[in-house]
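entry-v3.cif (mmCIF, C-alpha atoms)
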data_coords
loop_
_atom_site.label_atom_id
_atom_site.label_comp_id
_atom_site.auth_asym_id
_atom_site.auth_seq_id
_atom_site.Cartn_x
_atom_site.Cartn_y
_atom_site.Cartn_z
CA MET A 1 -33.32 28.07 45.39
CA ILE A 2 -34.85 25.49 43.03
CA MET A 3 -34.89 28.01 40.19
CA ALA A 4 -31.28 28.88 40.87
CA ARG A 5 -30.26 25.23 40.73
CA LEU A 6 -32.19 24.73 37.49
CA SER A 7 -30.44 27.75 36.01
CA VAL A 8 -27.05 26.37 36.98
CA ALA A 9 -27.92 22.93 35.55
CA PHE A 10 -29.16 24.50 32.32
CA ALA A 11 -25.99 26.56 32.01
CA LEU A 12 -23.84 23.47 32.55
CA LEU A 13 -25.84 21.56 29.95
CA CYS A 14 -25.43 24.37 27.44
CA GLY A 15 -21.72 24.41 28.14
CA LEU A 16 -21.43 20.67 27.55
CA VAL A 17 -23.35 20.90 24.27
CA ALA A 18 -21.27 23.85 23.11
CA GLY A 19 -18.09 22.05 24.11
CA ALA A 20 -19.12 18.93 22.20
CA ALA A 21 -19.98 21.01 19.14
CA THR A 22 -16.65 22.79 19.33
CA SER A 23 -14.84 19.46 19.72
CA LEU A 24 -16.57 18.08 16.64
CA ALA A 25 -15.82 21.23 14.67
CA ASP A 26 -12.16 21.00 15.71
CA ASP A 27 -11.85 17.31 14.78
CA ARG A 28 -9.62 17.66 11.76
CA SER A 29 -8.59 14.06 11.42
CA ILE A 30 -9.12 11.25 8.95
CA VAL A 31 -8.44 7.53 8.80
CA LEU A 32 -6.32 6.17 5.95
CA ALA A 33 -6.27 2.46 5.06
CA THR A 34 -3.21 1.18 3.28
CA THR A 35 -1.18 -1.98 2.79
CA THR A 36 1.48 -3.25 5.15
CA ALA A 37 4.19 -2.83 2.50
CA THR A 38 3.32 0.86 2.12
CA GLN A 39 3.46 1.44 5.85
CA GLU A 40 6.66 -0.56 6.29
CA SER A 41 8.38 1.46 3.56
CA GLY A 42 8.44 4.50 5.86
CA LEU A 43 6.86 6.72 3.20
CA LEU A 44 3.84 7.71 5.27
CA ASP A 45 5.97 8.53 8.32
CA TYR A 46 7.71 10.99 6.02
CA LEU A 47 4.68 12.39 4.15
CA LEU A 48 2.00 12.74 6.80
CA PRO A 49 3.79 15.28 9.02
CA ILE A 50 4.33 17.44 5.92
CA PHE A 51 0.62 17.22 5.12
CA ARG A 52 -0.36 17.92 8.74
CA ASP A 53 1.84 21.00 8.92
CA LYS A 54 0.32 22.26 5.67
CA THR A 55 -3.36 21.62 6.50
CA GLY A 56 -3.72 20.90 10.20
CA ILE A 57 -5.30 17.54 9.35
CA GLU A 58 -4.15 14.51 11.32
CA VAL A 59 -4.09 11.18 9.49
CA THR A 60 -4.45 7.90 11.38
CA VAL A 61 -3.09 4.95 9.41
CA ILE A 62 -4.53 1.44 9.44
CA ALA A 63 -2.17 -0.97 7.63
CA ARG A 64 -3.53 -4.33 6.50
CA ARG A 65 -3.23 -6.88 3.69
CA ALA A 66 -4.70 -5.67 0.40
CA ASP A 67 -7.90 -7.72 0.74
CA GLU A 68 -8.39 -6.57 4.33
CA VAL A 69 -7.85 -2.92 3.34
CA LEU A 70 -10.84 -3.03 1.01
CA ASP A 71 -12.92 -5.18 3.36
CA GLY A 72 -12.68 -2.45 5.99
CA ALA A 73 -13.39 0.27 3.42
CA ARG A 74 -16.49 -1.63 2.25
CA ARG A 75 -17.76 -1.41 5.83
CA GLY A 76 -17.14 2.34 5.95
CA GLU A 77 -14.47 2.05 8.63
CA VAL A 78 -12.06 4.48 6.92
CA ASP A 79 -12.18 7.70 4.96
CA VAL A 80 -9.59 7.15 2.25
CA VAL A 81 -7.67 4.21 0.75
CA LEU A 82 -4.11 4.11 -0.64
CA MET A 83 -2.96 0.83 -2.17
CA HIS A 84 -1.34 -0.95 -5.11
CA ALA A 85 -3.72 -3.53 -6.59
CA ARG A 86 -5.30 -1.71 -9.51
CA PRO A 87 -7.85 -4.33 -10.71
CA VAL A 88 -9.47 -4.65 -7.28
CA GLU A 89 -9.26 -0.89 -6.73
CA GLU A 90 -11.18 -0.29 -9.96
CA LYS A 91 -13.78 -2.88 -8.96
CA PHE A 92 -14.10 -1.16 -5.55
CA VAL A 93 -15.02 2.07 -7.34
CA ALA A 94 -17.25 0.33 -9.92
CA ASP A 95 -19.19 -1.33 -7.08
CA GLY A 96 -19.94 2.10 -5.60
CA PHE A 97 -17.73 1.87 -2.51
CA GLY A 98 -15.24 4.45 -3.77
CA VAL A 99 -15.87 7.76 -5.52
CA ARG A 100 -12.93 7.83 -7.92
CA ARG A 101 -9.48 6.33 -8.22
CA TYR A 102 -6.43 8.56 -8.84
CA ASP A 103 -2.97 7.44 -9.86
CA VAL A 104 -0.45 8.66 -7.28
CA MET A 105 2.94 7.04 -7.77
CA TYR A 106 4.67 3.85 -8.68
CA THR A 107 7.50 1.69 -7.52
CA ASP A 108 8.48 -1.68 -8.87
CA TYR A 109 8.89 -5.30 -7.98
CA VAL A 110 12.19 -7.13 -8.20
CA LEU A 111 12.92 -10.83 -8.36
CA ILE A 112 15.34 -11.73 -5.61
CA GLY A 113 17.42 -14.89 -5.73
CA PRO A 114 20.66 -16.55 -4.65
CA LYS A 115 23.82 -15.02 -6.09
CA SER A 116 24.66 -18.49 -7.39
CA ASP A 117 21.42 -18.26 -9.46
CA PRO A 118 20.67 -22.01 -9.77
CA ALA A 119 17.86 -21.41 -12.29
CA GLY A 120 20.05 -19.20 -14.49
CA VAL A 121 17.59 -16.30 -14.60
CA LYS A 122 19.80 -13.26 -13.94
CA GLY A 123 19.16 -10.54 -16.48
CA LYS A 124 16.19 -12.35 -18.06
CA ASP A 125 12.69 -10.93 -18.39
CA ILE A 126 10.30 -11.93 -15.61
CA ALA A 127 8.27 -14.45 -17.67
CA THR A 128 11.38 -16.28 -18.84
CA ALA A 129 12.74 -16.27 -15.28
CA LEU A 130 9.61 -17.78 -13.76
CA LYS A 131 9.48 -20.46 -16.46
CA ALA A 132 13.08 -21.42 -15.68
CA ILE A 133 12.44 -21.53 -11.93
CA GLU A 134 9.40 -23.77 -12.38
CA ALA A 135 11.15 -26.03 -14.91
CA LYS A 136 14.12 -26.61 -12.59
CA GLY A 137 12.07 -26.80 -9.43
CA ALA A 138 14.33 -24.16 -7.88
CA PRO A 139 13.19 -23.08 -4.40
CA PHE A 140 10.76 -20.16 -4.56
CA VAL A 141 9.12 -18.43 -1.61
CA THR A 142 5.66 -16.91 -2.07
CA ARG A 143 4.07 -14.61 0.45
CA GLY A 144 0.87 -16.63 0.11
CA ASP A 145 -1.05 -14.12 2.19
CA ARG A 146 -3.48 -12.51 -0.29
CA SER A 147 -1.51 -9.27 -0.18
CA GLY A 148 -1.04 -6.95 -3.15
CA THR A 149 2.42 -8.42 -3.71
CA HIS A 150 1.03 -11.95 -3.60
CA ALA A 151 -1.64 -10.98 -6.16
CA ALA A 152 1.06 -9.47 -8.40
CA GLU A 153 3.13 -12.65 -8.16
CA LEU A 154 0.16 -14.85 -9.09
CA ALA A 155 -0.55 -12.60 -12.09
CA LEU A 156 3.07 -12.96 -13.22
CA TRP A 157 2.84 -16.76 -13.18
CA ILE A 158 -0.13 -16.41 -15.53
CA VAL A 159 1.93 -14.10 -17.76
CA ALA A 160 4.59 -16.83 -17.81
CA GLY A 161 1.98 -19.34 -18.96
CA ILE A 162 2.17 -21.38 -15.76
CA ASP A 163 -0.80 -22.64 -13.73
CA ILE A 164 0.95 -22.33 -10.40
CA ALA A 165 -1.83 -24.08 -8.50
CA ALA A 166 -1.20 -27.19 -10.62
CA ALA A 167 2.56 -26.78 -11.04
CA LYS A 168 3.58 -26.02 -7.48
CA GLY A 169 5.42 -28.66 -5.50
CA ALA A 170 7.91 -28.83 -2.66
CA TRP A 171 9.95 -26.13 -4.42
CA TYR A 172 7.10 -23.57 -4.03
CA ARG A 173 7.02 -22.56 -0.38
CA GLU A 174 4.43 -20.36 1.31
CA ALA A 175 5.57 -17.86 3.91
CA GLY A 176 1.98 -16.91 4.73
CA GLN A 177 3.14 -13.60 6.23
CA GLY A 178 4.47 -10.19 5.30
CA MET A 179 7.30 -9.21 2.98
CA ALA A 180 10.01 -9.19 5.63
CA SER A 181 9.08 -12.73 6.69
CA ALA A 182 9.12 -13.89 3.07
CA LEU A 183 12.58 -12.38 2.55
CA HIS A 184 13.87 -14.05 5.70
CA ALA A 185 12.43 -17.37 4.50
CA ALA A 186 14.10 -16.93 1.09
CA ARG A 187 17.43 -16.14 2.73
CA ALA A 188 17.19 -19.23 4.95
CA ALA A 189 16.23 -21.49 2.01
CA ASN A 190 18.51 -19.82 -0.56
CA ALA A 191 15.37 -19.33 -2.64
CA TYR A 192 13.88 -16.93 -5.15
CA VAL A 193 11.18 -14.47 -4.04
CA LEU A 194 9.28 -11.55 -5.56
CA ALA A 195 9.60 -8.39 -3.47
CA ASP A 196 8.72 -4.74 -3.76
CA ARG A 197 11.89 -2.70 -4.15
CA GLY A 198 11.30 -0.68 -0.99
CA SER A 199 11.13 -3.79 1.19
CA TRP A 200 14.28 -5.13 -0.43
CA ILE A 201 16.18 -1.90 0.20
CA ALA A 202 15.04 -1.95 3.84
CA PHE A 203 16.00 -5.63 4.26
CA LYS A 204 19.50 -5.76 5.75
CA ASP A 205 19.99 -9.45 6.56
CA ARG A 206 20.38 -10.47 2.91
CA GLY A 207 22.82 -13.33 3.23
CA ASP A 208 23.51 -14.72 -0.27
CA LEU A 209 20.50 -13.00 -1.87
CA ASP A 210 20.60 -10.32 -4.57
CA ILE A 211 18.40 -8.84 -7.31
CA VAL A 212 18.36 -11.17 -10.30
CA VAL A 213 15.56 -9.65 -12.41
CA GLU A 214 14.50 -6.00 -12.55
CA GLY A 215 13.39 -3.36 -15.01
CA ASP A 216 10.74 -5.41 -16.79
CA ARG A 217 7.72 -3.15 -17.43
CA ARG A 218 5.50 -5.96 -16.10
CA LEU A 219 7.10 -5.42 -12.69
CA LEU A 220 5.61 -1.92 -12.40
CA ASN A 221 3.79 -1.45 -9.09
CA GLN A 222 1.22 1.34 -9.49
CA TYR A 223 -0.40 3.02 -6.48
CA GLY A 224 -3.87 4.57 -6.40
CA VAL A 225 -5.82 6.63 -3.87
CA MET A 226 -9.61 6.61 -3.42
CA LEU A 227 -12.18 8.43 -1.32
CA VAL A 228 -14.61 6.05 0.37
CA ASN A 229 -18.09 6.88 -0.90
CA PRO A 230 -19.80 9.31 1.53
CA ALA A 231 -23.15 8.69 -0.16
CA LYS A 232 -22.93 5.10 1.09
CA PHE A 233 -21.24 5.93 4.39
CA PRO A 234 -22.29 9.35 5.79
CA ASN A 235 -19.63 9.12 8.51
CA VAL A 236 -16.87 9.52 5.91
CA LYS A 237 -15.14 12.89 6.31
CA LYS A 238 -15.50 13.80 2.67
CA ASN A 239 -13.96 17.25 2.66
CA LEU A 240 -10.94 16.43 4.81
CA ALA A 241 -10.27 13.18 2.95
CA GLN A 242 -10.54 14.95 -0.40
CA ASP A 243 -8.09 17.56 0.90
CA PHE A 244 -5.63 14.70 1.48
CA ILE A 245 -6.20 13.28 -2.00
CA ASP A 246 -5.86 16.70 -3.59
CA TRP A 247 -2.58 17.33 -1.76
CA LEU A 248 -1.16 13.89 -2.54
CA THR A 249 -1.82 14.37 -6.26
CA SER A 250 -0.78 18.03 -6.37
CA PRO A 251 2.66 19.26 -7.47
CA GLU A 252 3.57 19.81 -3.81
CA GLY A 253 2.55 16.32 -2.75
CA GLN A 254 4.19 14.74 -5.75
CA THR A 255 7.43 16.56 -4.99
CA ALA A 256 7.28 15.30 -1.41
CA ILE A 257 6.85 11.72 -2.63
CA ALA A 258 9.86 12.05 -4.91
CA GLY A 259 11.90 13.41 -2.01
CA TYR A 260 11.55 10.29 0.12
CA LYS A 261 14.72 8.18 -0.02
CA VAL A 262 16.21 5.26 1.87
CA ASP A 263 19.99 4.87 1.84
CA GLY A 264 20.08 7.56 -0.84
CA GLN A 265 17.70 5.65 -3.12
CA GLN A 266 14.34 7.00 -4.26
CA LEU A 267 11.64 4.42 -3.54
CA PHE A 268 8.53 5.96 -5.09
CA PHE A 269 8.08 7.83 -8.36
CA PRO A 270 5.15 10.27 -8.57
CA ASN A 271 2.92 9.98 -11.64
CA SER A 272 -0.40 11.56 -10.76
CA ASP A 273 -2.43 12.62 -13.79
CA ARG A 274 -3.39 15.70 -11.74
CA SER A 275 0.11 16.80 -10.79
CA GLY A 276 0.28 19.30 -13.59
CA GLY A 277 -2.33 21.52 -12.04
#
Any chance you could put this one into structure tokens?
Amino acid sequence: MIMARLSVAFALLCGLVAGAATSLADDRSIVLATTTATQESGLLDYLLPIFRDKTGIEVTVIARRADEVLDGARRGEVDVVLMHARPVEEKFVADGFGVRRYDVMYTDYVLIGPKSDPAGVKGKDIATALKAIEAKGAPFVTRGDRSGTHAAELALWIVAGIDIAAAKGAWYREAGQGMASALHAARAANAYVLADRGSWIAFKDRGDLDIVVEGDRRLLNQYGVMLVNPAKFPNVKKNLAQDFIDWLTSPEGQTAIAGYKVDGQQLFFPNSDRSGG
């Protein structure tokens, strides 16, 4: 009787171990960290089912501010990173937290402002526009949240030759939240604001706001994708995450990116240096 019970217990244990091994082997899922603007654009809701149907790999998305995206990746909490803040992405790789950075796609920023255009910036280049806004003290809303868009805005003030930390006054207003909140604040204050084009297209409650500056090459918003370094974090699912990167930068993935539109407008433009083969 005792031997029989031991045999049954051993068989159950073997079954549990085998089941666990099978479960691990079947776990075809990865975690992707990206910025809130990317997630809010709807692009990933469009792309990831296409990728899943092609590969069987499920992708869980964690959307945070740009600085928080890399903070989590530096702790090995995710497998792959997709974002749009090239200088910090390159530092992330140089510091050994990422394996390599690949260009994926780009969109652009636009300067939004009142249709009445009190600073007279419509049609100007972005540096001239920011100088005029600062000189006139015209209301300007900044995200002020350490996001990729906030970092881009701060860099543009530098391009305009303005020390915004010293120059800001009551006219320079911090939203301290995401892009939608900043746009709502700009609408309420009849103010200027820098926005990514996708967020602007998705923003319906525009009031008296419109695009006043666009097309300047300095408004380019480049996206990159990076594998979190498995040599530093052994839990990173290297092969599955690389499959995602390879697909995203392949002709098929690049075509899928180009196919995503909102209200008939293409939001992202593929430009992977690997898309040719």
Please give the centre and size of the box around region 73-78 of chain A (axis-aligned, containing every atom listed in the file, 3 Å added per side), with values in Å to one decimal and written as JSON.
{"center_x": -14.9, "center_y": 1.4, "center_z": 5.4, "size_x": 11.7, "size_y": 12.1, "size_z": 12.4}
Note to self: I want to know what sits within 9 Å of region 232-241 of chain A, based on all atoms listed in the file, with residues of the same chain fewer than 6 positions away left out; could you give that as a ChimeraX atom specification?
What the structure shows: /A:28-32,57,75-80,96-97
Filtering to C-alpha atoms, could you give me those residues as a tab-separated table (two decimals), in the coordinates of the input?
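This is the output file part33.tsv:
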chain	number	residue	atom	x	y	z
A	28	ARG	CA	-9.62	17.66	11.76
A	29	SER	CA	-8.59	14.06	11.42
A	30	ILE	CA	-9.12	11.25	8.95
A	31	VAL	CA	-8.44	7.53	8.80
A	32	LEU	CA	-6.32	6.17	5.95
A	57	ILE	CA	-5.30	17.54	9.35
A	75	ARG	CA	-17.76	-1.41	5.83
A	76	GLY	CA	-17.14	2.34	5.95
A	77	GLU	CA	-14.47	2.05	8.63
A	78	VAL	CA	-12.06	4.48	6.92
A	79	ASP	CA	-12.18	7.70	4.96
A	80	VAL	CA	-9.59	7.15	2.25
A	96	GLY	CA	-19.94	2.10	-5.60
A	97	PHE	CA	-17.73	1.87	-2.51
Result set, the PyMOL selection byres ((chain A and resi 61) around 10) on current file, as an NGL selection string:
:A and (30-35 or 39 or 44-45 or 48 or 58-60 or 62-64 or 78 or 80-81)
Can you give me, as a ChimeraX atom specification, the residues this file yields under the PyMOL selection byres ((chain A and resi 174) around 9)? /A:140-145,172-173,175-177,182
Only C-alpha atoms, please: the residues just picked out, written as a PDB file, in the frame of the given file.
ATOM      1  CA  PHE A 140      10.760 -20.160  -4.560  1.00  0.00           C
ATOM      2  CA  VAL A 141       9.120 -18.430  -1.610  1.00  0.00           C
ATOM      3  CA  THR A 142       5.660 -16.910  -2.070  1.00  0.00           C
ATOM      4  CA  ARG A 143       4.070 -14.610   0.450  1.00  0.00           C
ATOM      5  CA  GLY A 144       0.870 -16.630   0.110  1.00  0.00           C
ATOM      6  CA  ASP A 145      -1.050 -14.120   2.190  1.00  0.00           C
ATOM      7  CA  TYR A 172       7.100 -23.570  -4.030  1.00  0.00           C
ATOM      8  CA  ARG A 173       7.020 -22.560  -0.380  1.00  0.00           C
ATOM      9  CA  ALA A 175       5.570 -17.860   3.910  1.00  0.00           C
ATOM     10  CA  GLY A 176       1.980 -16.910   4.730  1.00  0.00           C
ATOM     11  CA  GLN A 177       3.140 -13.600   6.230  1.00  0.00           C
ATOM     12  CA  ALA A 182       9.120 -13.890   3.070  1.00  0.00           C
TER      13      ALA A 182
END
Could the residues of region 32-146 of chain A that have an atom at most 10 Å from region 152-159 of chain A be listed as JSON lines, each with its closest atom pair and the distance in Å to one decimal, counting all atoms listed in the file and ordered by chain and ascending residue number?
{"residue": "A:His84", "atom": "CA", "partner": "A:Ala152", "partner_atom": "CA", "distance": 9.4}
{"residue": "A:Ala85", "atom": "CA", "partner": "A:Ala152", "partner_atom": "CA", "distance": 7.8}
{"residue": "A:Tyr109", "atom": "CA", "partner": "A:Ala152", "partner_atom": "CA", "distance": 8.9}
{"residue": "A:Leu111", "atom": "CA", "partner": "A:Glu153", "partner_atom": "CA", "distance": 10.0}
{"residue": "A:Ile126", "atom": "CA", "partner": "A:Leu156", "partner_atom": "CA", "distance": 7.7}
{"residue": "A:Ala127", "atom": "CA", "partner": "A:Val159", "partner_atom": "CA", "distance": 6.4}
{"residue": "A:Thr128", "atom": "CA", "partner": "A:Val159", "partner_atom": "CA", "distance": 9.8}
{"residue": "A:Leu130", "atom": "CA", "partner": "A:Trp157", "partner_atom": "CA", "distance": 6.9}
{"residue": "A:Lys131", "atom": "CA", "partner": "A:Trp157", "partner_atom": "CA", "distance": 8.3}
{"residue": "A:Glu134", "atom": "CA", "partner": "A:Trp157", "partner_atom": "CA", "distance": 9.6}
{"residue": "A:Thr142", "atom": "CA", "partner": "A:Glu153", "partner_atom": "CA", "distance": 7.9}
{"residue": "A:Arg143", "atom": "CA", "partner": "A:Glu153", "partner_atom": "CA", "distance": 8.9}
{"residue": "A:Gly144", "atom": "CA", "partner": "A:Leu154", "partner_atom": "CA", "distance": 9.4}
{"residue": "A:Arg146", "atom": "CA", "partner": "A:Ala152", "partner_atom": "CA", "distance": 9.8}
Just so the selection is clear, what residues does the PyMOL selection byres ((chain A and resi 108) around 8) cover here, as a PDB file with C-alpha atoms, in the coordinates of the input?
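Saved file selection13.pdb follows:
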ATOM      1  CA  TYR A 106       4.670   3.850  -8.680  1.00  0.00           C
ATOM      2  CA  THR A 107       7.500   1.690  -7.520  1.00  0.00           C
ATOM      3  CA  TYR A 109       8.890  -5.300  -7.980  1.00  0.00           C
ATOM      4  CA  VAL A 110      12.190  -7.130  -8.200  1.00  0.00           C
ATOM      5  CA  ASP A 196       8.720  -4.740  -3.760  1.00  0.00           C
ATOM      6  CA  ARG A 197      11.890  -2.700  -4.150  1.00  0.00           C
ATOM      7  CA  LEU A 219       7.100  -5.420 -12.690  1.00  0.00           C
ATOM      8  CA  LEU A 220       5.610  -1.920 -12.400  1.00  0.00           C
ATOM      9  CA  ASN A 221       3.790  -1.450  -9.090  1.00  0.00           C
ATOM     10  CA  GLN A 222       1.220   1.340  -9.490  1.00  0.00           C
TER      11      GLN A 222
END
For Arg206 (chain A), the closest of A:Gly123, A:Pro87, A:Pro114, A:Gly224 counting only C-alpha atoms is A:Pro114
Separating CA of Val225 (chain A) from CA of Leu47 (chain A), to the nearest tenth of an Å, is a gap of 14.4 Å
Exercise for the section: One decimal, Å: what's the distance from CA of Leu194 (chain A) over to CA of Ala167 (chain A), could you say? Expected result: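 Separation of CA of Leu194 (chain A) and CA of Ala167 (chain A): 17.5 Å.
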Quiz prompt | Pairwise distance for CA of Gly178 (chain A) and CA of Asp205 (chain A), rounded to one decimal in Å | solution =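 A separation of 15.6 Å between them.
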